[in-house]
Amino acid sequence: MEEKELQVGAKCFFKNKEGKILLMRISDTCQKLPGWWDIPGGRIEKHESTEEGLKRELKEETGIDFEKDFKIVDVQDIFPKVDNRHVIRLSFMAEMDEGLEIMLSSEHNELGWFSVDEILKMEKVDPFIIDTLNKIK
């Protein structure tokens, strides 16, 4: 059996006071899933703890330094068909304070706040988001 490269990713479902979830649309300039909706987060670097990596990714993608308590809500194994990786994706949930200004990175070109029911009906949403929402709703 061919050995797969192991990677760890951390993503965060941010909820506002109304219980809506922050989604960010992936820029058309990105090679992976342009135009699809995603949640902030990304890969953990080898020298980082999960929390450090998550906070770094959130800062890169939203421009905000988060000092929140992150609650883990899901763990998923992802085996991309296009390469030889095994990605362990850790999904967290946190509340986002009102009044924070989100600054999109070049990876995203739009953001929005959506209810779980709205997200489950949307097209072009990362299927791993749908899977997690179906588990925790």
# chains A, B, ... in the order shown; residues from 1 in each chain; ligands from 1

$ residues_around --residues "Phe114 of chain A" --least-positions-apart "3" --cutoff "7 Å" --atoms "only C-alpha atoms" --output "compact mmCIF listing (two decimals) with N, CA and C atoms, in the first residue's frame"
# COMPACT_ATOMS: atom_id res chain seq x y z
N LYS A 20 -26.23 32.65 13.14
CA LYS A 20 -25.83 32.45 11.75
C LYS A 20 -24.33 32.16 11.67
N ILE A 21 -23.96 31.42 10.63
CA ILE A 21 -22.59 30.96 10.42
C ILE A 21 -21.91 31.82 9.35
N LEU A 22 -20.65 32.17 9.58
CA LEU A 22 -19.85 32.92 8.61
C LEU A 22 -19.35 31.98 7.52
N GLU A 118 -30.18 27.58 5.59
CA GLU A 118 -29.79 28.22 4.33
C GLU A 118 -28.56 27.54 3.73
N ILE A 119 -27.58 27.25 4.57
CA ILE A 119 -26.34 26.62 4.08
C ILE A 119 -26.63 25.25 3.49

$ residues_around --residues "Ile102 of chain A" --least-positions-apart "6" --cutoff "10 Å" --atoms "only C-alpha atoms" --output "ChimeraX atom specification"
/A:59,61-64,111

$ closest_atom_pairs --of "segment 8-88 of chain A" --to "segment 94-99 of chain A" --cutoff "9 Å" --atoms "only C-alpha atoms" --output "tab-separated table"
residue	atom	partner	partner_atom	distance
A:Cys12	CA	A:Ala94	CA	7.1
A:Phe13	CA	A:Ala94	CA	6.4
A:Phe14	CA	A:Ala94	CA	5.1
A:Lys15	CA	A:Glu95	CA	4.9
A:Asn16	CA	A:Met96	CA	5.4
A:Lys17	CA	A:Glu95	CA	7.7
A:Gly19	CA	A:Glu95	CA	8.9
A:Phe66	CA	A:Met96	CA	8.9
A:Lys68	CA	A:Ala94	CA	6.8
A:Asp69	CA	A:Ala94	CA	6.6
A:Phe70	CA	A:Ala94	CA	5.2
A:Lys71	CA	A:Ala94	CA	6.5

$ write_last_selection --atoms "N, CA and C atoms" --output "PDB file, in the first residue's frame"
ATOM      1  N   CYS A  12     -12.908  26.809  11.305  1.00  0.00           N
ATOM      2  CA  CYS A  12     -13.763  27.310  12.370  1.00  0.00           C
ATOM      3  C   CYS A  12     -15.115  27.779  11.848  1.00  0.00           C
ATOM      4  N   PHE A  13     -16.162  27.242  12.461  1.00  0.00           N
ATOM      5  CA  PHE A  13     -17.520  27.734  12.255  1.00  0.00           C
ATOM      6  C   PHE A  13     -17.714  28.896  13.232  1.00  0.00           C
ATOM      7  N   PHE A  14     -17.808  30.123  12.708  1.00  0.00           N
ATOM      8  CA  PHE A  14     -18.089  31.270  13.558  1.00  0.00           C
ATOM      9  C   PHE A  14     -19.579  31.538  13.544  1.00  0.00           C
ATOM     10  N   LYS A  15     -20.160  31.680  14.734  1.00  0.00           N
ATOM     11  CA  LYS A  15     -21.577  32.011  14.878  1.00  0.00           C
ATOM     12  C   LYS A  15     -21.696  33.426  15.407  1.00  0.00           C
ATOM     13  N   ASN A  16     -22.713  34.137  14.917  1.00  0.00           N
ATOM     14  CA  ASN A  16     -23.008  35.450  15.473  1.00  0.00           C
ATOM     15  C   ASN A  16     -24.155  35.320  16.479  1.00  0.00           C
ATOM     16  N   LYS A  17     -24.603  36.458  17.018  1.00  0.00           N
ATOM     17  CA  LYS A  17     -25.659  36.427  18.049  1.00  0.00           C
ATOM     18  C   LYS A  17     -26.967  35.827  17.549  1.00  0.00           C
ATOM     19  N   GLY A  19     -27.119  33.315  15.631  1.00  0.00           N
ATOM     20  CA  GLY A  19     -26.898  31.895  15.358  1.00  0.00           C
ATOM     21  C   GLY A  19     -26.516  31.596  13.920  1.00  0.00           C
ATOM     22  N   PHE A  66      -7.967  36.398  17.016  1.00  0.00           N
ATOM     23  CA  PHE A  66      -9.002  35.814  17.867  1.00  0.00           C
ATOM     24  C   PHE A  66      -8.390  35.267  19.144  1.00  0.00           C
ATOM     25  N   LYS A  68     -10.471  33.615  21.373  1.00  0.00           N
ATOM     26  CA  LYS A  68     -11.704  32.949  21.765  1.00  0.00           C
ATOM     27  C   LYS A  68     -11.417  31.546  22.276  1.00  0.00           C
ATOM     28  N   ASP A  69     -12.422  30.998  22.954  1.00  0.00           N
ATOM     29  CA  ASP A  69     -12.409  29.579  23.263  1.00  0.00           C
ATOM     30  C   ASP A  69     -13.010  28.862  22.064  1.00  0.00           C
ATOM     31  N   PHE A  70     -12.264  27.950  21.511  1.00  0.00           N
ATOM     32  CA  PHE A  70     -12.720  27.191  20.364  1.00  0.00           C
ATOM     33  C   PHE A  70     -13.157  25.808  20.847  1.00  0.00           C
ATOM     34  N   LYS A  71     -14.358  25.422  20.485  1.00  0.00           N
ATOM     35  CA  LYS A  71     -14.899  24.115  20.863  1.00  0.00           C
ATOM     36  C   LYS A  71     -14.844  23.201  19.644  1.00  0.00           C
TER      37      LYS A  71
END

$ closest_residue --among "A:Asp28, A:Glu18, A:Asp65, A:Glu45" --to "Glu110 of chain A" --atoms "only C-alpha atoms"
A:Asp28

$ residues_around --residues "Lys124 of chain A" --least-positions-apart "3" --cutoff "8 Å" --atoms "only C-alpha atoms" --output "list in words"
Gly35, Trp36 and Trp37 of chain A

$ write_last_selection --atoms "N, CA and C atoms" --output "short mmCIF file (atom, residue, chain, number, x, y, z; two decimals), in the first residue's frame"
data_model
loop_
_atom_site.label_atom_id
_atom_site.label_comp_id
_atom_site.auth_asym_id
_atom_site.auth_seq_id
_atom_site.Cartn_x
_atom_site.Cartn_y
_atom_site.Cartn_z
N GLY A 35 -15.03 29.98 -6.35
CA GLY A 35 -16.46 30.26 -6.33
C GLY A 35 -17.25 29.48 -5.30
N TRP A 36 -16.61 28.55 -4.62
CA TRP A 36 -17.29 27.75 -3.61
C TRP A 36 -17.25 28.48 -2.26
N TRP A 37 -18.23 28.19 -1.41
CA TRP A 37 -18.29 28.74 -0.06
C TRP A 37 -17.53 27.85 0.91
#
